[in-house]
file run_39.txt (compact mmCIF, C-alpha atoms)
# COMPACT_ATOMS: atom_id res chain seq x y z
CA MET Y 1 -1.32 35.84 -10.31
CA GLU Y 2 1.32 37.22 -7.97
CA LYS Y 3 4.26 39.20 -9.28
CA PHE Y 4 7.37 39.06 -7.15
CA ILE Y 5 11.14 39.20 -7.09
CA ILE Y 6 13.15 36.30 -5.77
CA VAL Y 7 16.39 37.72 -4.44
CA THR Y 8 19.27 35.36 -5.15
CA GLY Y 9 22.12 37.74 -4.45
CA THR Y 10 24.41 36.38 -7.13
CA ILE Y 11 23.83 36.79 -10.85
CA THR Y 12 24.75 33.09 -11.23
CA TYR Y 13 21.71 31.86 -9.29
CA ALA Y 14 19.54 34.49 -10.95
CA ILE Y 15 20.44 33.21 -14.42
CA LYS Y 16 20.15 29.56 -13.36
CA GLY Y 17 16.75 30.22 -11.76
CA ARG Y 18 15.46 32.30 -14.64
CA ASP Y 19 16.42 29.65 -17.20
CA LEU Y 20 14.88 26.91 -15.07
CA LEU Y 21 11.59 28.77 -14.62
CA ARG Y 22 11.42 29.64 -18.31
CA ARG Y 23 11.93 25.98 -19.21
CA MET Y 24 8.95 25.21 -16.97
CA GLY Y 25 6.78 27.78 -18.73
CA TYR Y 26 7.04 30.67 -16.27
CA LYS Y 27 7.74 34.23 -17.31
CA ALA Y 28 11.00 35.21 -15.66
CA SER Y 29 13.66 37.88 -16.06
CA ILE Y 30 16.75 39.14 -14.29
CA GLU Y 31 16.22 42.06 -11.95
CA ARG Y 32 18.92 44.24 -10.43
CA ILE Y 33 18.53 44.71 -6.68
CA THR Y 34 19.19 48.29 -5.71
CA ALA Y 35 21.84 49.76 -3.44
CA GLY Y 36 19.32 50.95 -0.85
CA ASP Y 37 18.36 47.35 -0.12
CA ARG Y 38 19.35 45.93 3.28
CA ILE Y 39 21.32 43.14 1.53
CA GLY Y 40 22.93 45.58 -0.86
CA CYS Y 41 23.51 45.31 -4.58
CA GLY Y 42 22.74 42.01 -6.18
CA TYR Y 43 20.35 40.20 -8.46
CA GLY Y 44 17.00 38.57 -8.39
CA ILE Y 45 14.44 36.92 -10.62
CA LEU Y 46 11.29 38.83 -11.51
CA THR Y 47 8.55 36.26 -12.02
CA PHE Y 48 4.81 35.58 -11.80
CA GLY Y 49 2.84 32.69 -10.33
CA ASP Y 50 2.37 30.82 -7.10
CA THR Y 51 5.14 31.85 -4.70
CA GLN Y 52 5.27 28.54 -2.87
CA ILE Y 53 5.44 26.44 -6.04
CA ILE Y 54 8.16 28.62 -7.55
CA LYS Y 55 10.07 28.66 -4.28
CA SER Y 56 10.02 24.88 -4.09
CA ILE Y 57 11.12 24.55 -7.75
CA LEU Y 58 14.12 26.75 -7.02
CA ASN Y 59 14.91 25.05 -3.72
CA ASN Y 60 14.77 21.63 -5.35
CA ASN Y 61 17.41 22.82 -7.81
CA ASP Y 62 19.74 24.14 -5.10
CA ILE Y 63 19.14 27.78 -5.93
CA LYS Y 64 19.70 29.77 -2.76
CA ILE Y 65 16.97 32.31 -2.07
CA LEU Y 66 17.85 35.28 0.10
CA ASP Y 67 14.42 36.91 0.06
CA ILE Y 68 11.07 36.94 -1.74
CA ARG Y 69 9.44 40.32 -2.33
CA LYS Y 70 5.92 40.86 -3.60
CA ILE Y 71 5.49 43.74 -6.01
CA MET T 72 59.05 26.15 -34.05
CA LEU T 73 58.04 22.55 -33.41
CA TYR T 74 56.10 22.74 -30.16
CA LEU T 75 56.26 19.67 -27.94
CA ASP T 76 55.65 21.36 -24.60
CA ASN T 77 51.90 21.02 -24.31
CA SER T 78 52.11 19.99 -20.66
CA ALA T 79 53.29 23.51 -19.88
CA THR T 80 50.55 25.03 -22.01
CA SER T 81 48.92 24.14 -25.30
CA GLY T 82 51.21 26.06 -27.63
CA GLN T 83 48.77 26.52 -30.43
CA LYS T 84 45.24 27.71 -29.74
CA PRO T 85 42.40 26.83 -32.12
CA ALA T 86 41.00 29.64 -34.27
CA VAL T 87 37.66 29.38 -32.46
CA VAL T 88 39.41 30.20 -29.17
CA LYS T 89 41.16 33.24 -30.62
CA ASN T 90 37.90 34.45 -32.15
CA ALA T 91 36.05 33.99 -28.87
CA VAL T 92 38.64 36.09 -27.02
CA LEU T 93 38.31 38.80 -29.64
CA THR T 94 34.51 38.65 -29.40
CA ALA T 95 34.76 39.16 -25.63
CA LEU T 96 37.02 42.15 -26.03
CA GLU T 97 34.98 43.72 -28.80
CA ASN T 98 31.41 42.94 -27.79
CA PHE T 99 31.31 41.88 -24.15
CA SER T 100 33.64 44.26 -22.41
CA ALA T 101 31.35 44.74 -19.42
CA ASN T 102 31.73 43.52 -15.87
CA PRO T 103 29.54 40.46 -15.31
CA GLY T 104 27.50 40.40 -12.11
CA ARG T 105 28.37 43.96 -11.20
CA SER T 106 26.34 46.54 -13.07
CA GLY T 107 22.75 45.85 -13.98
CA HIS T 108 22.85 47.17 -17.52
CA THR T 109 22.10 45.01 -20.52
CA LEU T 110 25.70 44.44 -21.55
CA SER T 111 26.72 43.41 -18.03
CA VAL T 112 23.87 40.90 -17.84
CA LYS T 113 24.61 39.59 -21.35
CA THR T 114 28.24 39.08 -20.37
CA ALA T 115 27.16 37.35 -17.16
CA GLU T 116 24.94 35.04 -19.23
CA ARG T 117 27.93 34.01 -21.34
CA ILE T 118 29.99 33.40 -18.22
CA TYR T 119 27.18 31.28 -16.77
CA SER T 120 26.93 29.36 -20.02
CA CYS T 121 30.64 28.53 -19.68
CA ARG T 122 30.02 27.28 -16.12
CA GLU T 123 27.28 25.02 -17.50
CA LYS T 124 29.60 23.78 -20.24
CA ILE T 125 32.33 22.93 -17.73
CA ALA T 126 29.84 21.17 -15.45
CA ASP T 127 28.57 19.11 -18.42
CA PHE T 128 32.13 18.34 -19.49
CA PHE T 129 32.88 16.78 -16.11
CA LYS T 130 29.40 15.19 -15.82
CA TYR T 131 28.51 17.41 -12.90
CA SER T 132 25.10 18.88 -12.18
CA HIS T 133 25.85 22.11 -10.28
CA PRO T 134 27.24 24.83 -12.55
CA GLU T 135 27.16 27.31 -9.66
CA ASN T 136 29.92 25.27 -8.00
CA VAL T 137 32.20 25.86 -10.97
CA ILE T 138 34.62 28.54 -9.79
CA PHE T 139 36.86 30.60 -12.03
CA THR T 140 40.28 31.10 -10.47
CA LEU T 141 43.52 32.54 -11.78
CA ASN T 142 45.05 29.16 -12.62
CA CYS T 143 45.19 25.55 -11.42
CA THR T 144 47.68 26.41 -8.65
CA HIS T 145 45.23 28.99 -7.33
CA SER T 146 42.50 26.33 -7.39
CA ILE T 147 44.67 23.89 -5.43
CA ASN T 148 45.63 26.56 -2.86
CA THR T 149 41.98 27.51 -2.51
CA VAL T 150 41.18 23.92 -1.54
CA LEU T 151 44.14 23.20 0.71
CA LYS T 152 44.08 26.50 2.60
CA GLY T 153 40.31 26.65 2.61
CA VAL T 154 39.48 23.19 3.82
CA LEU T 155 42.30 22.09 6.12
CA LYS T 156 42.19 22.89 9.83
CA LYS T 157 44.61 22.50 12.71
CA GLY T 158 45.31 18.86 13.44
CA ASP T 159 44.24 17.57 10.02
CA HIS T 160 46.24 14.92 8.20
CA VAL T 161 46.60 14.76 4.41
CA ILE T 162 47.85 12.06 2.05
CA THR T 163 49.33 12.83 -1.33
CA SER T 164 51.37 10.94 -3.94
CA ASP T 165 55.04 10.94 -4.81
CA LEU T 166 54.28 12.28 -8.29
CA GLU T 167 52.94 15.65 -7.19
CA HIS T 168 53.69 19.04 -8.65
CA ASN T 169 54.88 21.82 -6.31
CA ALA T 170 51.39 23.30 -6.69
CA VAL T 171 50.36 20.60 -4.24
CA ILE T 172 53.56 20.00 -2.28
CA ARG T 173 54.43 23.61 -1.45
CA PRO T 174 51.09 24.59 0.12
CA LEU T 175 51.08 21.29 2.02
CA GLU T 176 54.61 21.91 3.26
CA SER T 177 53.74 25.48 4.24
CA LEU T 178 50.67 24.30 6.19
CA LYS T 179 52.86 21.70 7.88
CA ARG T 180 55.61 24.19 8.81
CA ASN T 181 52.99 26.52 10.24
CA GLY T 182 51.91 23.73 12.56
CA ILE T 183 48.48 23.33 10.97
CA ILE T 184 48.65 19.91 9.32
CA GLU T 185 50.71 16.78 8.91
CA TYR T 186 50.96 15.03 5.58
CA ASP T 187 52.26 11.74 4.22
CA VAL T 188 53.37 10.77 0.74
CA ALA T 189 52.18 7.51 -0.80
CA HIS T 190 54.27 5.79 -3.47
CA VAL T 191 52.65 5.29 -6.87
CA SER T 192 53.46 2.04 -8.67
CA PHE T 193 53.72 2.19 -12.48
CA THR T 194 52.83 -1.47 -12.75
CA ASP T 195 50.30 -2.28 -10.04
CA ASP T 196 47.31 -0.08 -9.15
CA ASN T 197 46.47 -2.41 -6.24
CA GLU T 198 49.81 -1.56 -4.71
CA THR T 199 49.20 2.17 -5.20
CA VAL T 200 45.78 2.04 -3.56
CA GLU T 201 47.17 -0.02 -0.68
CA ASN T 202 50.01 2.48 -0.25
CA PHE T 203 47.41 5.21 0.22
CA ARG T 204 45.26 3.04 2.47
CA ARG T 205 48.19 2.28 4.77
CA LYS T 206 48.78 6.01 5.34
CA ILE T 207 45.22 6.68 6.54
CA LYS T 208 44.97 7.79 10.17
CA ARG T 209 42.11 8.89 12.36
CA GLU T 210 43.05 12.53 11.58
CA THR T 211 43.14 12.08 7.80
CA THR T 212 40.68 14.55 6.28
CA LEU T 213 41.90 14.84 2.71
CA ILE T 214 43.62 12.92 -0.07
CA ILE T 215 44.95 15.13 -2.84
CA CYS T 216 46.72 13.77 -5.87
CA THR T 217 47.43 14.43 -9.48
CA HIS T 218 45.28 12.65 -12.05
CA ALA T 219 48.25 12.28 -14.40
CA SER T 220 51.88 13.03 -13.61
CA ASN T 221 53.34 16.08 -15.33
CA VAL T 222 56.71 14.30 -15.46
CA THR T 223 55.88 10.76 -16.54
CA GLY T 224 52.29 11.03 -17.75
CA PHE T 225 51.35 8.12 -15.50
CA ILE T 226 47.63 8.06 -14.71
CA LEU T 227 46.75 7.41 -11.09
CA PRO T 228 43.84 5.07 -10.25
CA ILE T 229 41.61 8.02 -9.42
CA LYS T 230 38.33 6.14 -9.34
CA ARG T 231 39.70 3.64 -6.84
CA LEU T 232 41.26 6.37 -4.72
CA GLY T 233 37.92 8.19 -4.76
CA ALA T 234 36.23 5.02 -3.52
CA LEU T 235 38.88 4.67 -0.80
CA CYS T 236 38.11 8.22 0.33
CA LYS T 237 34.39 7.54 0.45
CA GLU T 238 35.00 4.33 2.41
CA HIS T 239 36.87 6.31 5.08
CA ASN T 240 34.84 9.54 4.89
CA ILE T 241 37.84 11.48 3.60
CA LEU T 242 37.62 14.42 1.19
CA PHE T 243 39.16 13.86 -2.24
CA ALA T 244 40.85 16.58 -4.31
CA VAL T 245 42.27 15.94 -7.77
CA ASP T 246 44.82 18.01 -9.65
CA ALA T 247 43.66 17.56 -13.23
CA ALA T 248 46.19 19.96 -14.76
CA GLN T 249 47.48 17.33 -17.17
CA SER T 250 44.30 15.37 -17.74
CA ALA T 251 41.33 17.69 -18.25
CA GLY T 252 40.52 17.69 -21.96
CA ILE T 253 42.62 14.58 -22.59
CA ILE T 254 41.21 11.94 -20.25
CA ASP T 255 37.53 11.61 -19.37
CA ILE T 256 36.70 12.85 -15.88
CA ASN T 257 33.41 12.04 -14.20
CA ILE T 258 33.22 13.89 -10.89
CA ALA T 259 30.44 11.79 -9.38
CA GLU T 260 31.69 8.44 -10.64
CA PHE T 261 35.25 9.15 -9.48
CA GLY T 262 34.08 10.44 -6.09
CA ILE T 263 35.87 13.77 -6.53
CA ASP T 264 35.03 16.52 -4.05
CA TYR T 265 37.35 19.17 -5.49
CA LEU T 266 38.53 19.18 -9.09
CA CYS T 267 41.35 21.60 -10.01
CA VAL T 268 41.81 22.35 -13.69
CA ALA T 269 44.37 24.18 -15.85
CA PRO T 270 42.19 25.20 -18.82
CA HIS T 271 45.11 26.63 -20.83
CA LYS T 272 46.48 23.12 -21.30
CA GLY T 273 44.11 20.40 -22.53
CA LEU T 274 41.13 22.70 -22.91
CA TYR T 275 43.03 25.10 -25.19
CA ALA T 276 41.96 28.21 -23.26
CA PRO T 277 44.16 31.28 -23.01
CA MET T 278 46.33 31.56 -19.91
CA GLY T 279 44.93 33.52 -16.98
CA VAL T 280 41.93 31.45 -16.02
CA GLY T 281 41.77 28.36 -13.81
CA VAL T 282 38.82 26.25 -12.76
CA LEU T 283 37.85 24.73 -9.44
CA VAL T 284 34.80 22.53 -9.21
CA ALA T 285 33.94 22.51 -5.52
CA ASP T 286 31.37 19.89 -4.67
CA LYS T 287 32.03 20.32 -0.95
CA ARG T 288 32.19 23.40 1.22
CA ILE T 289 35.29 25.56 1.52
CA ASP T 290 35.26 27.46 4.82
CA ASN T 291 38.30 29.69 4.69
CA VAL T 292 38.54 31.98 1.71
CA LEU T 293 41.90 32.96 0.22
CA ILE T 294 40.75 36.20 -1.40
CA GLU T 295 37.85 38.28 -0.12
CA GLY T 296 36.34 41.37 -1.65
CA GLY T 297 33.78 42.60 -4.13
CA THR T 298 31.47 40.06 -5.69
CA GLY T 299 28.67 42.28 -6.97
CA SER T 300 26.31 40.53 -4.58
CA ALA T 301 25.09 41.18 -1.01
CA SER T 302 27.23 44.30 -1.10
CA ALA T 303 25.74 45.86 2.05
CA LEU T 304 27.15 43.02 4.12
CA SER T 305 30.72 43.26 5.35
CA GLU T 306 31.30 39.53 5.33
CA GLN T 307 32.02 37.41 2.26
CA PRO T 308 28.87 35.79 0.76
CA SER T 309 28.31 32.20 1.83
CA PHE T 310 27.08 31.07 -1.59
CA LEU T 311 29.08 29.87 -4.58
CA PRO T 312 30.52 30.92 -6.90
CA ASP T 313 30.67 34.39 -5.30
CA ARG T 314 32.24 33.14 -2.08
CA LEU T 315 35.36 32.11 -3.98
CA GLU T 316 35.27 34.65 -6.81
CA SER T 317 36.14 38.08 -5.47
CA GLY T 318 37.26 40.66 -7.97
CA THR T 319 36.63 40.95 -11.68
CA LEU T 320 36.79 37.79 -13.76
CA ASN T 321 39.07 37.36 -16.75
CA VAL T 322 36.15 37.52 -19.16
CA PRO T 323 38.15 37.13 -22.42
CA ALA T 324 39.88 34.03 -21.03
CA VAL T 325 36.54 32.54 -19.93
CA PHE T 326 35.16 33.15 -23.44
CA GLY T 327 38.26 31.41 -24.82
CA LEU T 328 37.77 28.53 -22.41
CA SER T 329 34.17 28.14 -23.50
CA ALA T 330 35.28 27.90 -27.14
CA GLY T 331 38.10 25.54 -26.14
CA ILE T 332 35.62 23.13 -24.60
CA ASP T 333 33.53 23.26 -27.77
CA PHE T 334 36.69 22.48 -29.74
CA VAL T 335 37.54 19.48 -27.55
CA ASN T 336 33.94 18.22 -27.61
CA LYS T 337 33.83 18.50 -31.40
CA LYS T 338 37.08 16.59 -31.84
CA GLY T 339 36.14 14.07 -29.16
CA ILE T 340 38.21 13.53 -26.05
CA SER T 341 39.01 9.90 -26.87
CA THR T 342 40.14 10.86 -30.39
CA ILE T 343 42.40 13.57 -28.96
CA TYR T 344 43.84 11.18 -26.38
CA SER T 345 44.47 8.38 -28.88
CA HIS T 346 46.15 10.79 -31.30
CA GLU T 347 48.38 12.45 -28.71
CA LEU T 348 49.32 9.18 -27.01
CA SER T 349 50.16 7.47 -30.33
CA LEU T 350 52.71 10.23 -30.92
CA ILE T 351 54.21 9.69 -27.48
CA GLN T 352 54.37 5.94 -28.15
CA ARG T 353 56.14 6.63 -31.45
CA ALA T 354 58.61 8.87 -29.62
CA TYR T 355 59.13 6.23 -26.91
CA MET T 356 59.93 3.52 -29.44
CA GLY T 357 62.32 5.80 -31.31
CA ILE T 358 64.12 7.06 -28.22
CA ASN T 359 64.39 3.49 -26.93
CA LYS T 360 66.62 2.72 -29.93
CA ILE T 361 69.07 5.55 -29.18
CA SER T 362 72.00 4.00 -27.34
CA ASN T 363 72.75 6.80 -24.86
CA ALA T 364 69.11 7.63 -24.13
CA VAL T 365 67.38 6.91 -20.82
CA LEU T 366 63.64 6.38 -20.49
CA TYR T 367 62.03 6.56 -17.07
CA THR T 368 58.78 4.66 -17.47
CA PRO T 369 57.50 1.45 -18.99
CA PHE T 370 56.04 1.72 -22.51
CA PRO T 371 53.18 4.25 -22.28
CA GLN T 372 50.17 2.02 -22.71
CA LYS T 373 46.77 3.43 -23.55
CA GLY T 374 44.73 4.04 -20.42
CA ARG T 375 47.85 4.03 -18.23
CA PHE T 376 49.61 7.16 -19.45
CA ALA T 377 48.75 10.69 -20.47
CA PRO T 378 50.63 12.01 -23.52
CA VAL T 379 53.72 13.06 -21.59
CA LEU T 380 57.14 11.44 -21.81
CA SER T 381 60.35 11.98 -19.85
CA PHE T 382 63.74 10.96 -21.19
CA ASN T 383 67.32 12.11 -21.07
CA LEU T 384 70.72 11.40 -22.52
CA LYS T 385 73.18 9.66 -20.19
CA ASN T 386 75.20 12.00 -17.95
CA VAL T 387 73.91 15.16 -19.62
CA GLN T 388 71.96 17.93 -17.93
CA SER T 389 68.42 17.73 -19.29
CA ASN T 390 68.32 21.51 -19.61
CA ARG T 391 71.31 21.30 -21.95
CA VAL T 392 69.48 18.77 -24.11
CA ALA T 393 66.42 21.05 -24.19
CA GLU T 394 68.62 24.03 -25.01
CA VAL T 395 70.22 22.33 -28.00
CA LEU T 396 66.86 20.98 -29.19
CA ASN T 397 65.68 24.58 -29.08
CA GLU T 398 68.50 25.47 -31.49
CA TYR T 399 66.97 22.93 -33.86
CA GLY T 400 63.60 24.63 -33.48
CA ILE T 401 62.12 22.11 -31.06
CA ALA T 402 60.37 23.37 -27.92
CA VAL T 403 60.58 20.87 -25.05
CA ARG T 404 61.19 21.31 -21.36
CA GLY T 405 64.21 20.19 -19.35
CA GLY T 406 64.74 20.18 -15.58
CA LEU T 407 62.55 19.05 -12.72
CA HIS T 408 59.21 20.33 -14.04
CA CYS T 409 58.34 21.68 -10.57
CA ALA T 410 57.90 18.10 -9.36
CA PRO T 411 60.97 17.17 -7.26
CA LEU T 412 59.26 14.23 -5.55
CA ALA T 413 58.74 12.54 -8.90
CA HIS T 414 62.42 12.94 -9.75
CA ARG T 415 63.46 11.57 -6.37
CA MET T 416 61.34 8.53 -7.17
CA LEU T 417 62.75 8.26 -10.71
CA ASP T 418 66.30 8.89 -9.47
CA SER T 419 66.61 11.82 -11.88
CA LEU T 420 67.11 14.68 -9.41
CA ASN T 421 70.68 15.41 -10.52
CA PHE T 422 70.11 15.72 -14.24
CA GLY T 423 66.36 16.24 -14.47
CA THR T 424 64.52 14.93 -17.51
CA VAL T 425 63.64 16.18 -20.96
CA ARG T 426 59.89 16.20 -21.23
CA ILE T 427 57.98 15.97 -24.46
CA SER T 428 54.24 16.46 -24.40
CA THR T 429 52.10 16.33 -27.48
CA GLY T 430 49.01 18.28 -28.43
CA VAL T 431 46.20 17.93 -30.90
CA PHE T 432 48.12 19.85 -33.58
CA ASN T 433 51.20 17.60 -33.53
CA ASN T 434 51.74 14.79 -36.02
CA ASN T 435 54.03 11.85 -36.84
CA LYS T 436 56.36 14.07 -38.86
CA ASN T 437 56.97 16.19 -35.76
CA ILE T 438 58.05 13.14 -33.78
CA ASP T 439 60.20 11.82 -36.63
CA TYR T 440 61.93 15.20 -36.84
CA LEU T 441 62.65 15.09 -33.09
CA LEU T 442 64.03 11.55 -33.39
CA ASN T 443 66.19 12.47 -36.36
CA VAL T 444 67.65 15.41 -34.45
CA LEU T 445 68.37 13.25 -31.41
CA LYS T 446 70.25 10.79 -33.64
CA ASN T 447 72.06 13.53 -35.56
CA LYS T 448 75.86 13.62 -35.08
CA ASP T 449 75.95 17.44 -34.98
CA PHE T 450 73.37 17.39 -32.20
CA THR T 451 75.41 14.87 -30.22
CA ARG T 452 78.54 16.98 -30.71
CA LYS T 453 76.76 20.14 -29.55
CA ILE T 454 75.47 18.44 -26.43
CA LYS T 455 79.02 17.70 -25.33
call {"tool": "encode", "arguments": {"input": "run_39.txt", "output": "C-alpha cells"}}
result
Amino acid sequence: MEKFIIVTGTITYAIKGRDLLRRMGYKASIERITAGDRIGCGYGILTFGDTQIIKSILNNNDIKILDIRKI
Amino acid sequence: MLYLDNSATSGQKPAVVKNAVLTALENFSANPGRSGHTLSVKTAERIYSCREKIADFFKYSHPENVIFTLNCTHSINTVLKGVLKKGDHVITSDLEHNAVIRPLESLKRNGIIEYDVAHVSFTDDNETVENFRRKIKRETTLIICTHASNVTGFILPIKRLGALCKEHNILFAVDAAQSAGIIDINIAEFGIDYLCVAPHKGLYAPMGVGVLVADKRIDNVLIEGGTGSASALSEQPSFLPDRLESGTLNVPAVFGLSAGIDFVNKKGISTIYSHELSLIQRAYMGINKISNAVLYTPFPQKGRFAPVLSFNLKNVQSNRVAEVLNEYGIAVRGGLHCAPLAHRMLDSLNFGTVRISTGVFNNNKNIDYLLNVLKNKDFTRKIK
C-alpha cells in the first residue's frame, strides 16, 4: 500500500479531504508542508492506498490538489 | 434598556455565543491555517466546522466557498469590485442599503459600470420581477438586491429574481443582512451566486465577522496577503477560501457565529420568524391607532415582511422621536438607515423614519410598553 501526501495548499481542503477519506475508511491525517517546498508553506493530507482512487475521490468532491508526493 | 434595534445588530447575544467566544479566547488562541502545531490545526478544524455549519444552514454543498469577511458590507464590496468589469451593467432595487449603492455608484463614477434601479412593489411581485426584467440589457452581468429591506422589512421575490437571472445568464448576488437567521435561504433553489451575510444580526454572532458564500468565481481580490498557503508564490492563491481570506481571521467571532447558528437551529428559523413578526404586527396595529402616527407599508403579512417596521410621527424628525424614546429606555433607530433610495420611494427623505426591529428575546410586553410610551402625553409634549 502506497503512503503519500496530497498537497492541497489550504488547510480548508486538507481538513475536508481528510474527513472525507476517513468517512470512506482510509487512514488520513493533516500534514504541514514545509517552507523549503517549491509551493511554500501549506497543508496536505497524509494517507495510504491507491493514489488514483484517492485522487479521483478528492477530485469528485471538488478538493483541489496541488501535488501528490510519494513517501 | 428595551432593545428594539435588532436590524442594526442583535442586542442580546445568547449565553452559548458568549461562552463560545470565551472558549476561543481561552482554549483556541492559535492562528488557524498558519502554523502546523496541534493547537493551530485544532483551531482550523473548528473554523472549518463553522464553514460546514454555514453551508448546511443555507443548503449549500461547498463549505470551502464559505468566506469569512469583516462584515456584510465587506462581502458585498468583495463581490461588486471582484466580479464587475469595464462595460458591465448591473440592476439593483430601490430598497438597497448604501452597502450596495455606494460601491455601485463608485464603480459608475470611475467609468467601469452602469447600473439601473428597479422599483419594488409592496403589493405585486409580478410587477417587481417585470421591473427588473425591463432593465436587462445585453451588457447586464449582475443583479444585486437585498433579500429584505432594512427600512420596511419587505421581502423581495428572491427565488423569482434568481430564476430571471438564470434565464438571462446573469449573476445573482443577494444582500441577506436582514434575512439570514430569520427567513429560510436555499442557495441552489433561489439561484443565488453570491450570498452576503451579516452574522451579528439574525445569527446572533459577535460583531466583526461577515460571511460571503461565493458559488461563482471572483477574479479581482480586494485584499491580498498572507493566507498560510502556497507561501512561496508571490501571487494570491486561486483557490477558496484562501483567495478571499488574507490576514488572520477573527477566530473568537467565528466561534460565536458557530454557536449562534446552533442557537438558531435549536429554536427553529420558522419559530423565530413567527415570533418576531407577530411582535411587529402587534406594533403595527397599535401604531395604526395613534392619530399623528404615519406607517409606510401595508400590514406586515407573514411571508411578505421581515420583522422590521418603519413609522414616524407627523412633521417630527424621526431622530427626535428616537431620542425621546431613548429617554424612556427604548432603543430604536431614527433617520435614513443608510438607505436613501428607500426613503425617496417612501417619500420620507425629509424626516426619515423610526425603525423598530424585533429579536428573539423580545416579547409582547416590550411592544405594549413602546405603544404606551408613544401614547403618553409627557412623551408627546417632549417631542414638541
call {"tool": "atom_distance", "arguments": {"input": "run_39.txt", "atom1": "atom CA of T:Val322", "atom2": "atom CA of T:Thr298"}}
result
14.5 Å
call {"tool": "closest_atom_pairs", "arguments": {"input": "run_39.txt", "of": "chain T", "to": "chain Y", "cutoff": "8 Å", "atoms": "only C-alpha atoms", "output": "tab-separated table"}}
result
residue	atom	partner	partner_atom	distance
T:Gly104	CA	Y:Ile11	CA	5.3
T:Arg105	CA	Y:Gly42	CA	7.8
T:Gly107	CA	Y:Arg32	CA	5.5
T:Ala115	CA	Y:Ile11	CA	7.2
T:Glu116	CA	Y:Ile15	CA	6.8
T:Tyr119	CA	Y:Thr12	CA	6.3
T:Glu135	CA	Y:Thr12	CA	6.5
T:Gly299	CA	Y:Gly42	CA	6.0
T:Ser300	CA	Y:Gly42	CA	4.2
T:Ala301	CA	Y:Gly40	CA	4.9
T:Ser302	CA	Y:Gly40	CA	4.5
T:Ala303	CA	Y:Gly40	CA	4.1
T:Leu304	CA	Y:Ile39	CA	6.4
T:Phe310	CA	Y:Lys64	CA	7.6
T:Pro312	CA	Y:Thr12	CA	7.5
T:Asp313	CA	Y:Thr10	CA	6.8
call {"tool": "residues_near_point", "arguments": {"input": "run_39.txt", "point": "(74.5, 11.6, -17.1)", "cutoff": "10 Å", "atoms": "all atoms listed in the file", "output": "PyMOL selection string"}}
result
chain T and resi 363-365+383-389+419+421-423
call {"tool": "atom_distance", "arguments": {"input": "run_39.txt", "atom1": "atom CA of T:Ala248", "atom2": "atom CA of T:Ser220"}}
result
9.0 Å
call {"tool": "closest_residue", "arguments": {"input": "run_39.txt", "among": "Y:Ile57, Y:Arg69, Y:Lys27, Y:Arg22", "to": "Y:Ile5", "atoms": "all atoms listed in the file"}}
result
Y:Arg69
call {"tool": "atom_distance", "arguments": {"input": "run_39.txt", "atom1": "atom CA of T:Tyr355", "atom2": "atom CA of T:Gln372"}}
result
10.8 Å
call {"tool": "residues_around", "arguments": {"input": "run_39.txt", "residues": "T:Ile358", "least_positions_apart": "3", "cutoff": "12 Å", "atoms": "only C-alpha atoms", "output": "PyMOL selection string"}}
result
chain T and resi 351-355+361-367+370+380-384+425+427+438-439+441-446
call {"tool": "residues_around", "arguments": {"input": "run_39.txt", "residues": "T:Gly279", "least_positions_apart": "3", "cutoff": "9 Å", "atoms": "all atoms listed in the file", "output": "PyMOL selection string"}}
result
chain T and resi 140-142+270-271+276+321+324-325
call {"tool": "residues_around", "arguments": {"input": "run_39.txt", "residues": "stretch 86-90 of chain T", "least_positions_apart": "3", "cutoff": "12 Å", "atoms": "all atoms listed in the file", "output": "NGL selection string"}}
result
:T and (81 or 83 or 93-98 or 270-271 or 274-278 or 323-335 or 337)
call {"tool": "build_atoms", "arguments": {"input": "run_39.txt", "residues": "stretch 386-394 of chain T", "atoms": "N, CA, C and O atoms", "output": "PDB file, keeping the file's coordinate frame"}}
result
ATOM      1  N   ASN T 386      74.218  11.072 -18.525  1.00  0.00           N
ATOM      2  CA  ASN T 386      75.200  12.000 -17.950  1.00  0.00           C
ATOM      3  C   ASN T 386      75.190  13.399 -18.580  1.00  0.00           C
ATOM      4  O   ASN T 386      76.210  14.064 -18.648  1.00  0.00           O
ATOM      5  N   VAL T 387      74.048  13.810 -19.059  1.00  0.00           N
ATOM      6  CA  VAL T 387      73.910  15.160 -19.620  1.00  0.00           C
ATOM      7  C   VAL T 387      72.804  15.881 -18.849  1.00  0.00           C
ATOM      8  O   VAL T 387      71.786  15.257 -18.507  1.00  0.00           O
ATOM      9  N   GLN T 388      73.020  17.148 -18.564  1.00  0.00           N
ATOM     10  CA  GLN T 388      71.960  17.930 -17.930  1.00  0.00           C
ATOM     11  C   GLN T 388      70.776  18.025 -18.898  1.00  0.00           C
ATOM     12  O   GLN T 388      70.955  18.410 -20.058  1.00  0.00           O
ATOM     13  N   SER T 389      69.599  17.711 -18.409  1.00  0.00           N
ATOM     14  CA  SER T 389      68.420  17.730 -19.290  1.00  0.00           C
ATOM     15  C   SER T 389      68.173  19.118 -19.871  1.00  0.00           C
ATOM     16  O   SER T 389      67.701  19.262 -21.001  1.00  0.00           O
ATOM     17  N   ASN T 390      68.510  20.139 -19.099  1.00  0.00           N
ATOM     18  CA  ASN T 390      68.320  21.510 -19.610  1.00  0.00           C
ATOM     19  C   ASN T 390      69.221  21.787 -20.809  1.00  0.00           C
ATOM     20  O   ASN T 390      68.864  22.562 -21.688  1.00  0.00           O
ATOM     21  N   ARG T 391      70.389  21.139 -20.814  1.00  0.00           N
ATOM     22  CA  ARG T 391      71.310  21.300 -21.950  1.00  0.00           C
ATOM     23  C   ARG T 391      70.693  20.636 -23.193  1.00  0.00           C
ATOM     24  O   ARG T 391      70.749  21.185 -24.292  1.00  0.00           O
ATOM     25  N   VAL T 392      70.118  19.468 -22.981  1.00  0.00           N
ATOM     26  CA  VAL T 392      69.480  18.770 -24.110  1.00  0.00           C
ATOM     27  C   VAL T 392      68.344  19.644 -24.668  1.00  0.00           C
ATOM     28  O   VAL T 392      68.238  19.854 -25.889  1.00  0.00           O
ATOM     29  N   ALA T 393      67.545  20.200 -23.756  1.00  0.00           N
ATOM     30  CA  ALA T 393      66.420  21.050 -24.190  1.00  0.00           C
ATOM     31  C   ALA T 393      66.929  22.301 -24.911  1.00  0.00           C
ATOM     32  O   ALA T 393      66.337  22.733 -25.914  1.00  0.00           O
ATOM     33  N   GLU T 394      68.035  22.823 -24.415  1.00  0.00           N
ATOM     34  CA  GLU T 394      68.620  24.030 -25.010  1.00  0.00           C
ATOM     35  C   GLU T 394      69.070  23.775 -26.449  1.00  0.00           C
ATOM     36  O   GLU T 394      68.813  24.579 -27.353  1.00  0.00           O
TER      37      GLU T 394
END
